file coords34.tsv (TSV, C-alpha atoms and all ligand atoms)
chain	number	residue	atom	x	y	z
A	229	MET	CA	8.46	40.35	26.78
A	230	LEU	CA	6.78	42.19	29.66
A	231	GLN	CA	6.07	45.83	28.92
A	232	ARG	CA	5.02	47.10	32.33
A	233	LYS	CA	7.44	47.97	35.11
A	234	LEU	CA	7.66	50.31	38.07
A	235	ASN	CA	9.83	53.39	37.67
A	236	ILE	CA	11.60	53.48	41.01
A	237	ALA	CA	15.30	53.14	40.22
A	238	ASN	CA	17.40	56.22	39.50
A	239	LEU	CA	18.11	55.59	35.83
A	240	ASN	CA	20.15	55.93	33.71
A	241	THR	CA	23.00	55.08	36.03
A	242	PRO	CA	26.20	56.93	35.14
A	243	ILE	CA	29.23	55.40	33.43
A	244	HIS	CA	32.64	56.82	34.23
A	245	LYS	CA	36.25	55.98	33.58
A	246	LEU	CA	38.62	54.65	36.23
A	247	GLU	CA	41.59	56.84	35.43
A	248	GLN	CA	44.29	55.39	37.69
A	249	LEU	CA	43.56	51.79	36.89
A	250	SER	CA	43.21	52.46	33.16
A	251	GLN	CA	46.69	53.93	33.19
A	252	THR	CA	48.16	51.10	35.21
A	253	LEU	CA	46.64	48.42	33.01
A	254	GLY	CA	46.92	50.19	29.66
A	255	LYS	CA	43.18	49.77	28.98
A	256	ASP	CA	40.15	52.02	29.11
A	257	ILE	CA	38.31	50.72	32.14
A	258	TYR	CA	34.82	52.09	32.72
A	259	ILE	CA	32.40	51.47	35.53
A	260	LYS	CA	28.62	51.65	35.38
A	261	ARG	CA	27.21	52.71	38.72
A	262	ASP	CA	24.26	50.45	39.33
A	263	ASP	CA	25.11	50.95	42.99
A	264	TYR	CA	23.54	54.40	42.42
A	265	THR	CA	20.06	53.07	41.60
A	266	GLY	CA	18.87	54.22	45.03
A	267	THR	CA	19.51	53.94	48.75
A	268	GLU	CA	17.08	51.48	50.35
A	269	ILE	CA	16.75	49.89	46.93
A	270	SER	CA	20.32	50.35	45.70
A	271	GLY	CA	22.14	47.88	43.51
A	272	ASN	CA	21.13	45.55	40.70
A	273	LYS	CA	18.11	43.98	42.38
A	274	VAL	CA	15.90	47.02	41.95
A	275	ARG	CA	16.14	46.77	38.16
A	276	LYS	CA	14.78	43.25	38.37
A	277	LEU	CA	12.22	44.03	41.05
A	278	GLU	CA	10.76	46.86	38.99
A	279	TYR	CA	9.36	44.11	36.78
A	280	THR	CA	8.68	41.58	39.52
A	281	ILE	CA	6.75	43.90	41.83
A	282	GLN	CA	4.79	45.34	38.88
A	283	TYR	CA	3.86	41.75	38.02
A	284	VAL	CA	2.79	41.13	41.64
A	285	LEU	CA	0.59	44.24	41.64
A	286	ASP	CA	-0.90	43.50	38.20
A	287	HIS	CA	-1.87	39.97	39.18
A	288	GLY	CA	-3.53	40.78	42.48
A	289	TYR	CA	-1.06	39.24	44.91
A	290	ASP	CA	-1.02	40.84	48.36
A	291	THR	CA	1.99	39.07	49.87
A	292	VAL	CA	5.52	38.33	48.71
A	293	ILE	CA	7.87	35.59	49.90
A	294	THR	CA	11.50	35.61	48.90
A	295	THR	CA	14.82	34.28	50.09
A	296	GLY	CA	18.56	34.79	50.29
A	297	ALA	CA	21.50	34.83	52.66
A	298	ILE	CA	21.32	36.78	55.93
A	299	THR	CA	23.23	39.55	54.15
A	300	SER	CA	21.04	39.44	51.01
A	301	ASN	CA	20.81	42.70	49.07
A	302	HIS	CA	17.87	41.28	47.16
A	303	ALA	CA	15.93	40.73	50.41
A	304	ARG	CA	16.54	44.33	51.47
A	305	ALA	CA	15.43	45.77	48.12
A	306	THR	CA	12.33	43.56	48.17
A	307	ALA	CA	11.49	44.74	51.70
A	308	ALA	CA	11.77	48.38	50.64
A	309	LEU	CA	9.54	47.99	47.58
A	310	CYS	CA	6.96	45.96	49.51
A	311	ALA	CA	6.79	48.69	52.15
A	312	GLN	CA	6.32	51.30	49.45
A	313	PHE	CA	3.55	49.37	47.67
A	314	ASN	CA	1.81	48.02	50.75
A	315	ILE	CA	2.61	44.38	50.07
A	316	GLU	CA	3.19	42.02	53.01
A	317	CYS	CA	6.80	40.88	52.82
A	318	HIS	CA	8.24	37.58	54.12
A	319	LEU	CA	11.97	36.93	53.93
A	320	VAL	CA	13.44	33.47	54.40
A	321	LEU	CA	17.07	34.15	55.23
A	322	ARG	CA	19.66	31.44	55.59
A	323	GLY	CA	22.74	31.66	57.77
A	324	THR	CA	24.06	31.62	61.28
A	325	ASN	CA	25.50	34.94	62.33
A	326	ALA	CA	22.26	36.94	62.40
A	327	GLU	CA	23.68	40.21	63.75
A	328	TYR	CA	21.22	43.07	63.80
A	329	GLU	CA	23.16	45.10	61.23
A	330	GLY	CA	23.46	45.87	57.54
A	331	ASN	CA	20.66	44.56	55.36
A	332	LEU	CA	19.00	42.59	58.16
A	333	PHE	CA	18.68	45.75	60.22
A	334	LEU	CA	17.24	47.66	57.26
A	335	GLU	CA	14.74	44.89	56.45
A	336	ALA	CA	13.49	44.91	60.03
A	337	MET	CA	13.04	48.69	59.88
A	338	LEU	CA	11.23	48.33	56.58
A	339	GLY	CA	8.67	46.10	58.27
A	340	ALA	CA	9.50	42.76	56.64
A	341	HIS	CA	8.64	39.50	58.42
A	342	ILE	CA	11.99	37.78	58.87
A	343	HIS	CA	12.34	34.00	59.07
A	344	ILE	CA	15.87	32.73	59.74
A	345	ILE	CA	16.74	29.18	58.73
A	346	LYS	CA	19.90	27.12	59.33
A	347	PRO	CA	22.57	26.71	56.63
A	348	SER	CA	21.59	23.02	56.39
A	349	GLU	CA	17.91	23.79	55.63
A	350	SER	CA	16.43	24.19	52.15
A	351	ARG	CA	15.32	27.71	51.28
A	352	GLU	CA	12.80	26.42	48.75
A	353	GLU	CA	11.23	24.03	51.26
A	354	ALA	CA	10.99	26.76	53.89
A	355	MET	CA	9.35	29.08	51.34
A	356	ASN	CA	6.83	26.38	50.36
A	357	ILE	CA	5.85	25.76	53.99
A	358	LEU	CA	5.42	29.49	54.52
A	359	TYR	CA	3.42	29.74	51.29
A	360	SER	CA	0.87	27.14	52.48
A	361	LYS	CA	0.62	28.77	55.87
A	362	LEU	CA	-0.03	32.23	54.44
A	363	GLU	CA	-2.57	30.83	51.97
A	364	GLN	CA	-4.43	29.19	54.85
A	365	GLU	CA	-4.53	32.59	56.51
A	366	GLY	CA	-6.37	33.91	53.44
A	367	LYS	CA	-3.42	35.69	51.81
A	368	THR	CA	-2.50	35.54	48.13
A	369	PRO	CA	1.27	35.06	48.21
A	370	PHE	CA	3.75	35.28	45.35
A	371	LEU	CA	7.10	33.47	45.48
A	372	ILE	CA	10.09	35.42	44.18
A	373	PRO	CA	13.07	33.10	43.60
A	374	VAL	CA	16.48	33.91	45.06
A	375	GLY	CA	17.86	37.12	43.51
A	376	ALA	CA	14.62	37.59	41.49
A	377	SER	CA	16.53	35.60	38.88
A	378	ASP	CA	13.76	34.26	36.73
A	379	TRP	CA	12.30	35.33	33.38
A	380	ILE	CA	10.41	38.24	35.01
A	381	GLY	CA	13.27	39.85	36.95
A	382	THR	CA	15.75	39.29	34.14
A	383	HIS	CA	13.84	41.85	32.06
A	384	GLY	CA	15.55	44.47	34.23
A	385	TYR	CA	18.91	43.70	32.69
A	386	VAL	CA	17.65	43.28	29.14
A	387	ASN	CA	16.51	46.84	29.71
A	388	ALA	CA	19.88	47.80	31.21
A	389	TYR	CA	21.56	46.50	28.08
A	390	GLU	CA	19.46	48.88	25.96
A	391	GLU	CA	20.53	51.65	28.33
A	392	ILE	CA	24.19	50.76	27.78
A	393	ILE	CA	23.72	50.89	23.99
A	394	GLU	CA	22.29	54.42	24.35
A	395	GLN	CA	25.17	55.46	26.59
A	396	GLU	CA	27.73	54.06	24.17
A	397	ALA	CA	26.30	56.37	21.52
A	398	GLU	CA	26.36	59.37	23.90
A	399	LEU	CA	29.93	58.68	25.05
A	400	GLY	CA	31.23	57.71	21.61
A	401	ILE	CA	32.60	54.42	22.98
A	402	LYS	CA	32.02	50.86	21.91
A	403	PHE	CA	32.65	48.48	24.79
A	404	ASP	CA	34.53	45.31	23.89
A	405	SER	CA	33.17	43.58	26.97
A	406	ILE	CA	30.73	44.03	29.83
A	407	ASN	CA	31.93	42.42	33.05
A	408	LEU	CA	29.92	41.63	36.16
A	409	ALA	CA	29.50	39.44	39.22
A	410	VAL	CA	27.27	36.37	38.94
A	411	GLY	CA	25.41	35.31	42.08
A	412	SER	CA	22.08	33.88	40.96
A	413	GLY	CA	22.42	34.46	37.21
A	414	GLY	CA	19.60	36.87	36.38
A	415	THR	CA	21.76	39.92	35.79
A	416	TYR	CA	24.05	37.97	33.49
A	417	ALA	CA	21.12	36.35	31.66
A	418	GLY	CA	19.51	39.73	30.96
A	419	LEU	CA	22.68	41.33	29.64
A	420	TRP	CA	23.59	38.29	27.59
A	421	TYR	CA	20.11	38.14	26.08
A	422	GLY	CA	20.14	41.89	25.40
A	423	ASN	CA	23.40	41.47	23.54
A	424	ALA	CA	22.33	38.36	21.63
A	425	SER	CA	18.94	39.74	20.60
A	426	ASN	CA	20.60	42.91	19.27
A	427	ASN	CA	23.11	40.76	17.36
A	428	LEU	CA	26.04	42.57	18.92
A	429	ALA	CA	29.52	41.20	19.44
A	430	THR	CA	30.21	42.69	22.88
A	431	LYS	CA	31.48	39.94	25.16
A	432	ILE	CA	29.42	39.48	28.30
A	433	ILE	CA	31.83	38.14	30.91
A	434	GLY	CA	30.59	36.95	34.27
A	435	TYR	CA	32.60	36.21	37.40
A	436	ALA	CA	30.99	33.62	39.65
A	437	VAL	CA	30.92	34.45	43.36
A	438	ASP	CA	30.07	30.88	44.33
A	439	GLN	CA	29.21	27.68	42.40
A	440	SER	CA	30.77	26.58	39.14
A	441	THR	CA	30.77	27.80	35.56
A	442	GLU	CA	28.68	24.74	34.58
A	443	ASP	CA	26.03	25.44	37.26
A	444	PHE	CA	25.68	29.03	36.15
A	445	GLU	CA	25.64	28.29	32.44
A	446	GLN	CA	22.80	25.87	33.12
A	447	LYS	CA	20.93	28.47	35.18
A	448	VAL	CA	21.41	31.22	32.59
A	449	LYS	CA	20.20	28.93	29.78
A	450	GLU	CA	17.06	28.09	31.76
A	451	ILE	CA	16.26	31.75	32.38
A	452	VAL	CA	16.91	32.79	28.76
A	453	LYS	CA	14.80	29.91	27.40
A	454	GLN	CA	11.88	31.04	29.56
A	455	LEU	CA	12.29	34.48	28.07
A	456	ASP	CA	12.69	33.42	24.44
A	457	GLN	CA	12.40	29.87	23.10
A	458	ASN	CA	13.99	30.87	19.81
A	459	ILE	CA	17.48	31.25	21.23
A	460	LEU	CA	19.27	28.06	20.28
A	461	SER	CA	22.96	28.79	20.58
A	462	PHE	CA	24.62	29.60	23.88
A	463	ASN	CA	28.23	29.36	22.77
A	464	THR	CA	28.98	32.98	23.68
A	465	LEU	CA	28.37	32.46	27.42
A	466	HIS	CA	31.52	33.36	29.38
A	467	ILE	CA	31.36	32.70	33.11
A	468	ASN	CA	34.65	32.45	34.97
A	469	ASP	CA	34.65	30.59	38.29
A	470	ASN	CA	38.33	31.07	39.17
A	471	TYR	CA	37.72	33.86	41.67
A	472	VAL	CA	35.19	32.28	44.02
A	473	GLY	CA	37.99	32.06	46.60
A	474	LEU	CA	36.82	30.90	50.02
A	475	GLY	CA	33.18	30.88	48.92
A	476	TYR	CA	30.04	32.96	49.24
A	477	GLY	CA	30.46	36.00	51.45
A	478	GLN	CA	34.01	35.00	52.47
A	479	ALA	CA	37.17	36.96	51.78
A	480	THR	CA	40.90	36.40	52.15
A	481	ASP	CA	43.13	39.19	53.49
A	482	GLU	CA	44.59	39.55	50.01
A	483	GLU	CA	41.11	40.20	48.61
A	484	LEU	CA	40.32	42.70	51.36
A	485	GLN	CA	43.61	44.48	50.65
A	486	PHE	CA	42.64	44.72	46.98
A	487	TYR	CA	39.30	46.35	47.94
A	488	ILE	CA	41.17	48.82	50.17
A	489	ASN	CA	43.51	49.71	47.29
A	490	ILE	CA	40.62	50.34	44.88
A	491	ALA	CA	38.88	52.49	47.50
A	492	LYS	CA	42.03	54.55	48.04
A	493	THR	CA	42.96	54.99	44.39
A	494	GLU	CA	39.56	55.31	42.70
A	495	GLY	CA	37.22	56.38	45.49
A	496	ILE	CA	35.04	53.35	44.89
A	497	ILE	CA	33.89	50.88	47.52
A	498	LEU	CA	33.56	47.38	46.13
A	499	ASP	CA	31.52	44.94	48.22
A	500	PRO	CA	33.14	41.80	49.66
A	501	THR	CA	30.53	39.31	48.38
A	502	TYR	CA	30.00	40.22	44.73
A	503	THR	CA	31.63	43.21	43.05
A	504	GLY	CA	34.93	42.82	44.91
A	505	LYS	CA	35.47	39.27	43.71
A	506	ALA	CA	34.35	40.04	40.18
A	507	PHE	CA	36.42	43.19	39.84
A	508	ARG	CA	39.49	41.48	41.25
A	509	GLY	CA	38.92	38.69	38.74
A	510	LEU	CA	38.72	41.21	35.91
A	511	VAL	CA	41.98	42.92	36.93
A	512	GLN	CA	43.81	39.59	37.28
A	513	GLU	CA	42.58	38.38	33.92
A	514	ILE	CA	43.68	41.63	32.26
A	515	LYS	CA	47.12	41.25	33.86
A	516	GLN	CA	47.32	37.67	32.60
A	517	GLY	CA	46.75	38.87	29.04
A	518	ASN	CA	43.28	37.43	28.65
A	519	TYR	CA	41.89	40.83	27.56
A	520	ASP	CA	44.68	41.59	25.10
A	521	ASP	CA	42.23	41.79	22.18
A	522	GLN	CA	40.13	44.39	24.04
A	523	GLN	CA	40.55	48.10	24.75
A	524	ALA	CA	37.29	49.50	26.18
A	525	ILE	CA	36.13	47.43	29.12
A	526	LEU	CA	32.98	48.04	31.15
A	527	PHE	CA	32.42	46.76	34.67
A	528	ILE	CA	29.00	46.96	36.27
A	529	HIS	CA	29.04	47.95	39.93
A	530	THR	CA	25.99	46.04	41.13
A	531	GLY	CA	26.01	47.46	44.69
A	532	GLY	CA	26.26	45.57	47.96
A	533	ILE	CA	27.91	48.01	50.35
A	534	HIS	CA	25.93	46.56	53.29
A	535	GLY	CA	27.89	43.31	52.89
A	536	TYR	CA	30.59	44.74	55.15
A	537	THR	CA	29.47	42.94	58.28
A	538	GLN	CA	30.88	43.62	61.71
A	539	GLU	CA	33.24	40.68	61.30
A	540	MET	CA	34.45	41.88	57.89
A	541	ARG	CA	34.88	45.44	59.16
A	542	GLY	CA	36.96	44.15	62.07
A	543	ARG	CA	39.28	42.33	59.68
A	544	ILE	CA	39.66	45.36	57.45
A	545	LYS	CA	40.52	47.48	60.47
A	546	GLN	CA	43.51	45.19	61.03
A	547	LEU	CA	44.76	46.01	57.53
A	548	LEU	CA	44.46	49.78	57.92
A	549	PRO	CA	46.61	52.23	59.86
A	550	ASP	CA	45.40	53.02	63.37
A	551	ILE	CA	43.08	55.96	63.69
A	552	SER	CA	45.02	58.62	65.52
A	553	ASP	CA	43.37	60.97	68.00
A	554	ALA	CA	46.35	63.32	67.98
A	555	VAL	CA	46.43	66.40	65.74
B	601	LIG	C1	22.72	39.82	43.73
B	601	LIG	C2	23.93	40.59	43.47
B	601	LIG	C3	24.76	40.31	42.37
B	601	LIG	C4	24.54	39.14	41.47
B	601	LIG	O1	23.46	39.29	40.60
B	601	LIG	P1	22.65	38.00	40.13
B	601	LIG	O2	21.66	38.51	39.19
B	601	LIG	O3	22.08	37.41	41.37
B	601	LIG	O4	23.62	37.06	39.50
B	601	LIG	C5	25.85	41.11	42.15
B	601	LIG	N1	26.15	42.13	42.98
B	601	LIG	C6	25.40	42.43	44.05
B	601	LIG	C7	25.82	43.54	44.93
B	601	LIG	C8	24.26	41.67	44.34
B	601	LIG	O5	23.53	41.97	45.41

call {"tool": "encode", "arguments": {"input": "coords34.tsv", "output": "structure tokens"}}
result
Amino acid sequence: MLQRKLNIANLNTPIHKLEQLSQTLGKDIYIKRDDYTGTEISGNKVRKLEYTIQYVLDHGYDTVITTGAITSNHARATAALCAQFNIECHLVLRGTNAEYEGNLFLEAMLGAHIHIIKPSESREEAMNILYSKLEQEGKTPFLIPVGASDWIGTHGYVNAYEEIIEQEAELGIKFDSINLAVGSGGTYAGLWYGNASNNLATKIIGYAVDQSTEDFEQKVKEIVKQLDQNILSFNTLHINDNYVGLGYGQATDEELQFYINIAKTEGIILDPTYTGKAFRGLVQEIKQGNYDDQQAILFIHTGGIHGYTQEMRGRIKQLLPDISDAV
């Protein structure tokens, strides 16, 4: 295991109870606010990047290349840390609607070099081409995979699991499950490994935001094996792919209405790409009786507020009452 990491994130992130929803569902529903890890570097990616960027600095790299969707939270967090540590940052972002807003806007302000590719193009190929080009220019680039979901970044959530154990002791609660969104697998892998290596029985339940259960189980196994070759059994992996809906970054009106209801009743903004889908999945599964053997349930809010693009905001506006200018 890596010992060295940056200390940039605001840790420990608080855990609090969702009172209204707990009452409605007859469970104790708690939320861990990993959306409070920071501002430019908010969300789950900073926990991973604390290890990744430390690794980059320790090994003498001067340039970072990473990738994601146009709306990528990981790309924004990487841009912020690179600015802070004087590392040249290249972002390969895939998508069409490259509006100058949200994360893309922040990345530009943070001085990242932005390379947009078409949905049909391979992110890995584009990163490799860029890598050769930068090397030829005399740079020493380091490739961070999508979501920083490799053995290095995953350390961030092994660490987060230790933090949760501490908080359980402080709060006098034992969580029956920890629930989270799965987008590139690193967050899940870290929590799952933290749980397995402490020999604890807490269920780690992931909700896929795209791709299938099989794809993610494969990805998680690969990451965990890089971290620890002694883990042989993976039969406690739980990744549910029933709530992917229309696909990555897409939302139905019903989903948007659910996010509005949570905002109004709990004062919490879920994001439309990750936490919204996962949290909606959790609530549906509880209603269907699939959490009947559990009482204390933890959800990790992994961030993502900048995922409300102009298009998404326009659609939400349609679902809300008109703003009145009369008093
Ligand atoms: C990236 C991301 C996730 C998913 O985490 P992975 O480690 O990529 O699976 C969840 N929520 C938000 C807001 C994210 O940006």

call {"tool": "residues_near_ligand", "arguments": {"input": "coords34.tsv", "ligand": "ligand LIG 601 (chain B)", "cutoff": "7 Å", "atoms": "only C-alpha atoms and all ligand atoms", "output": "mmCIF file with C-alpha atoms, in the coordinates of the input"}}
result
data_model
loop_
_atom_site.group_PDB
_atom_site.id
_atom_site.type_symbol
_atom_site.label_atom_id
_atom_site.label_comp_id
_atom_site.auth_asym_id
_atom_site.auth_seq_id
_atom_site.Cartn_x
_atom_site.Cartn_y
_atom_site.Cartn_z
ATOM 1 C CA GLY A 271 22.140 47.880 43.510
ATOM 2 C CA ASN A 272 21.130 45.550 40.700
ATOM 3 C CA LYS A 273 18.110 43.980 42.380
ATOM 4 C CA SER A 300 21.040 39.440 51.010
ATOM 5 C CA ASN A 301 20.810 42.700 49.070
ATOM 6 C CA HIS A 302 17.870 41.280 47.160
ATOM 7 C CA GLY A 375 17.860 37.120 43.510
ATOM 8 C CA SER A 377 16.530 35.600 38.880
ATOM 9 C CA ALA A 409 29.500 39.440 39.220
ATOM 10 C CA VAL A 410 27.270 36.370 38.940
ATOM 11 C CA GLY A 411 25.410 35.310 42.080
ATOM 12 C CA SER A 412 22.080 33.880 40.960
ATOM 13 C CA GLY A 413 22.420 34.460 37.210
ATOM 14 C CA GLY A 414 19.600 36.870 36.380
ATOM 15 C CA THR A 415 21.760 39.920 35.790
ATOM 16 C CA TYR A 416 24.050 37.970 33.490
ATOM 17 C CA ASP A 499 31.520 44.940 48.220
ATOM 18 C CA TYR A 502 30.000 40.220 44.730
ATOM 19 C CA THR A 503 31.630 43.210 43.050
ATOM 20 C CA THR A 530 25.990 46.040 41.130
ATOM 21 C CA GLY A 531 26.010 47.460 44.690
ATOM 22 C CA GLY A 532 26.260 45.570 47.960
#

call {"tool": "atom_distance", "arguments": {"input": "coords34.tsv", "atom1": "atom CA of A:Asp263", "atom2": "atom CA of A:Phe527"}}
result
11.8 Å

call {"tool": "closest_residue", "arguments": {"input": "coords34.tsv", "among": "A:Gly266, A:Gly254, A:Gly422, A:Pro347", "to": "A:Ala237", "atoms": "all atoms listed in the file"}}
result
A:Gly266

call {"tool": "residues_near_point", "arguments": {"input": "coords34.tsv", "point": "(3.4, 44.0, 52.0)", "cutoff": "8 Å", "atoms": "all atoms listed in the file", "output": "ChimeraX atom specification"}}
result
/A:290-292,310-311,313-317,340

call {"tool": "residues_around", "arguments": {"input": "coords34.tsv", "residues": "A:Ile298", "least_positions_apart": "3", "cutoff": "8 Å", "atoms": "all atoms listed in the file", "output": "number ranges by chain"}}
result
A: 321-326, 331-332, 344

call {"tool": "axis_aligned_box", "arguments": {"input": "coords34.tsv", "around": "stretch 480-494 of chain A", "padding_each_side": "4 Å", "output": "JSON"}}
result
{"center_x": 41.7, "center_y": 45.9, "center_z": 48.1, "size_x": 13.7, "size_y": 26.9, "size_z": 18.8}

call {"tool": "residues_around", "arguments": {"input": "coords34.tsv", "residues": "stretch 447-450 of chain A", "least_positions_apart": "3", "cutoff": "6 Å", "atoms": "all atoms listed in the file", "output": "MDAnalysis selection string"}}
result
chainID A and resid 413 417 444 453

call {"tool": "atom_distance", "arguments": {"input": "coords34.tsv", "atom1": "atom CA of A:Ser348", "atom2": "atom CA of A:Ala303"}}
result
19.5 Å

call {"tool": "closest_residue", "arguments": {"input": "coords34.tsv", "among": "A:Lys233, A:His534, A:Arg508, A:Lys545", "to": "A:Tyr487", "atoms": "only C-alpha atoms"}}
result
A:Arg508

call {"tool": "residues_near_point", "arguments": {"input": "coords34.tsv", "point": "(33.0, 27.7, 35.7)", "cutoff": "7 Å", "atoms": "all atoms listed in the file", "output": "count of residues only"}}
result
6

call {"tool": "closest_residue", "arguments": {"input": "coords34.tsv", "among": "A:Ala479, A:Leu230, A:Ala354, A:Ile259", "to": "A:Ile380", "atoms": "all atoms listed in the file"}}
result
A:Leu230

call {"tool": "decode", "arguments": {"input": "coords34.tsv", "residues": "stretch 269-284 of chain A", "atoms": "N, CA and C atoms", "output": "PDB file, in the first residue's frame"}}
result
ATOM      1  N   ILE A 269     -12.094  21.247  -5.926  1.00  0.00           N
ATOM      2  CA  ILE A 269     -11.750  19.822  -5.890  1.00  0.00           C
ATOM      3  C   ILE A 269     -12.800  19.018  -5.128  1.00  0.00           C
ATOM      4  N   SER A 270     -14.064  19.432  -5.224  1.00  0.00           N
ATOM      5  CA  SER A 270     -15.096  18.736  -4.453  1.00  0.00           C
ATOM      6  C   SER A 270     -15.372  17.351  -5.018  1.00  0.00           C
ATOM      7  N   GLY A 271     -16.005  16.531  -4.205  1.00  0.00           N
ATOM      8  CA  GLY A 271     -16.438  15.218  -4.648  1.00  0.00           C
ATOM      9  C   GLY A 271     -15.446  14.116  -4.338  1.00  0.00           C
ATOM     10  N   ASN A 272     -15.718  12.927  -4.910  1.00  0.00           N
ATOM     11  CA  ASN A 272     -14.907  11.764  -4.553  1.00  0.00           C
ATOM     12  C   ASN A 272     -13.539  11.761  -5.213  1.00  0.00           C
ATOM     13  N   LYS A 273     -13.380  12.470  -6.328  1.00  0.00           N
ATOM     14  CA  LYS A 273     -12.130  12.346  -7.072  1.00  0.00           C
ATOM     15  C   LYS A 273     -10.927  12.869  -6.301  1.00  0.00           C
ATOM     16  N   VAL A 274     -11.162  13.846  -5.433  1.00  0.00           N
ATOM     17  CA  VAL A 274     -10.003  14.404  -4.722  1.00  0.00           C
ATOM     18  C   VAL A 274      -9.386  13.376  -3.777  1.00  0.00           C
ATOM     19  N   ARG A 275     -10.207  12.500  -3.210  1.00  0.00           N
ATOM     20  CA  ARG A 275      -9.628  11.467  -2.327  1.00  0.00           C
ATOM     21  C   ARG A 275      -8.661  10.583  -3.111  1.00  0.00           C
ATOM     22  N   LYS A 276      -9.050  10.267  -4.338  1.00  0.00           N
ATOM     23  CA  LYS A 276      -8.183   9.428  -5.171  1.00  0.00           C
ATOM     24  C   LYS A 276      -6.957  10.207  -5.627  1.00  0.00           C
ATOM     25  N   LEU A 277      -7.210  11.458  -6.041  1.00  0.00           N
ATOM     26  CA  LEU A 277      -6.115  12.257  -6.599  1.00  0.00           C
ATOM     27  C   LEU A 277      -5.087  12.667  -5.546  1.00  0.00           C
ATOM     28  N   GLU A 278      -5.460  12.649  -4.289  1.00  0.00           N
ATOM     29  CA  GLU A 278      -4.458  12.900  -3.247  1.00  0.00           C
ATOM     30  C   GLU A 278      -3.315  11.890  -3.363  1.00  0.00           C
ATOM     31  N   TYR A 279      -3.655  10.669  -3.699  1.00  0.00           N
ATOM     32  CA  TYR A 279      -2.620   9.641  -3.895  1.00  0.00           C
ATOM     33  C   TYR A 279      -1.971   9.759  -5.264  1.00  0.00           C
ATOM     34  N   THR A 280      -2.798   9.985  -6.279  1.00  0.00           N
ATOM     35  CA  THR A 280      -2.282  10.006  -7.652  1.00  0.00           C
ATOM     36  C   THR A 280      -1.300  11.168  -7.854  1.00  0.00           C
ATOM     37  N   ILE A 281      -1.697  12.357  -7.409  1.00  0.00           N
ATOM     38  CA  ILE A 281      -0.835  13.520  -7.647  1.00  0.00           C
ATOM     39  C   ILE A 281       0.434  13.440  -6.777  1.00  0.00           C
ATOM     40  N   GLN A 282       0.316  12.889  -5.582  1.00  0.00           N
ATOM     41  CA  GLN A 282       1.512  12.646  -4.763  1.00  0.00           C
ATOM     42  C   GLN A 282       2.473  11.716  -5.518  1.00  0.00           C
ATOM     43  N   TYR A 283       1.919  10.699  -6.122  1.00  0.00           N
ATOM     44  CA  TYR A 283       2.706   9.730  -6.898  1.00  0.00           C
ATOM     45  C   TYR A 283       3.409  10.439  -8.071  1.00  0.00           C
ATOM     46  N   VAL A 284       2.675  11.297  -8.739  1.00  0.00           N
ATOM     47  CA  VAL A 284       3.212  12.076  -9.872  1.00  0.00           C
ATOM     48  C   VAL A 284       4.389  12.932  -9.403  1.00  0.00           C
TER      49      VAL A 284
END
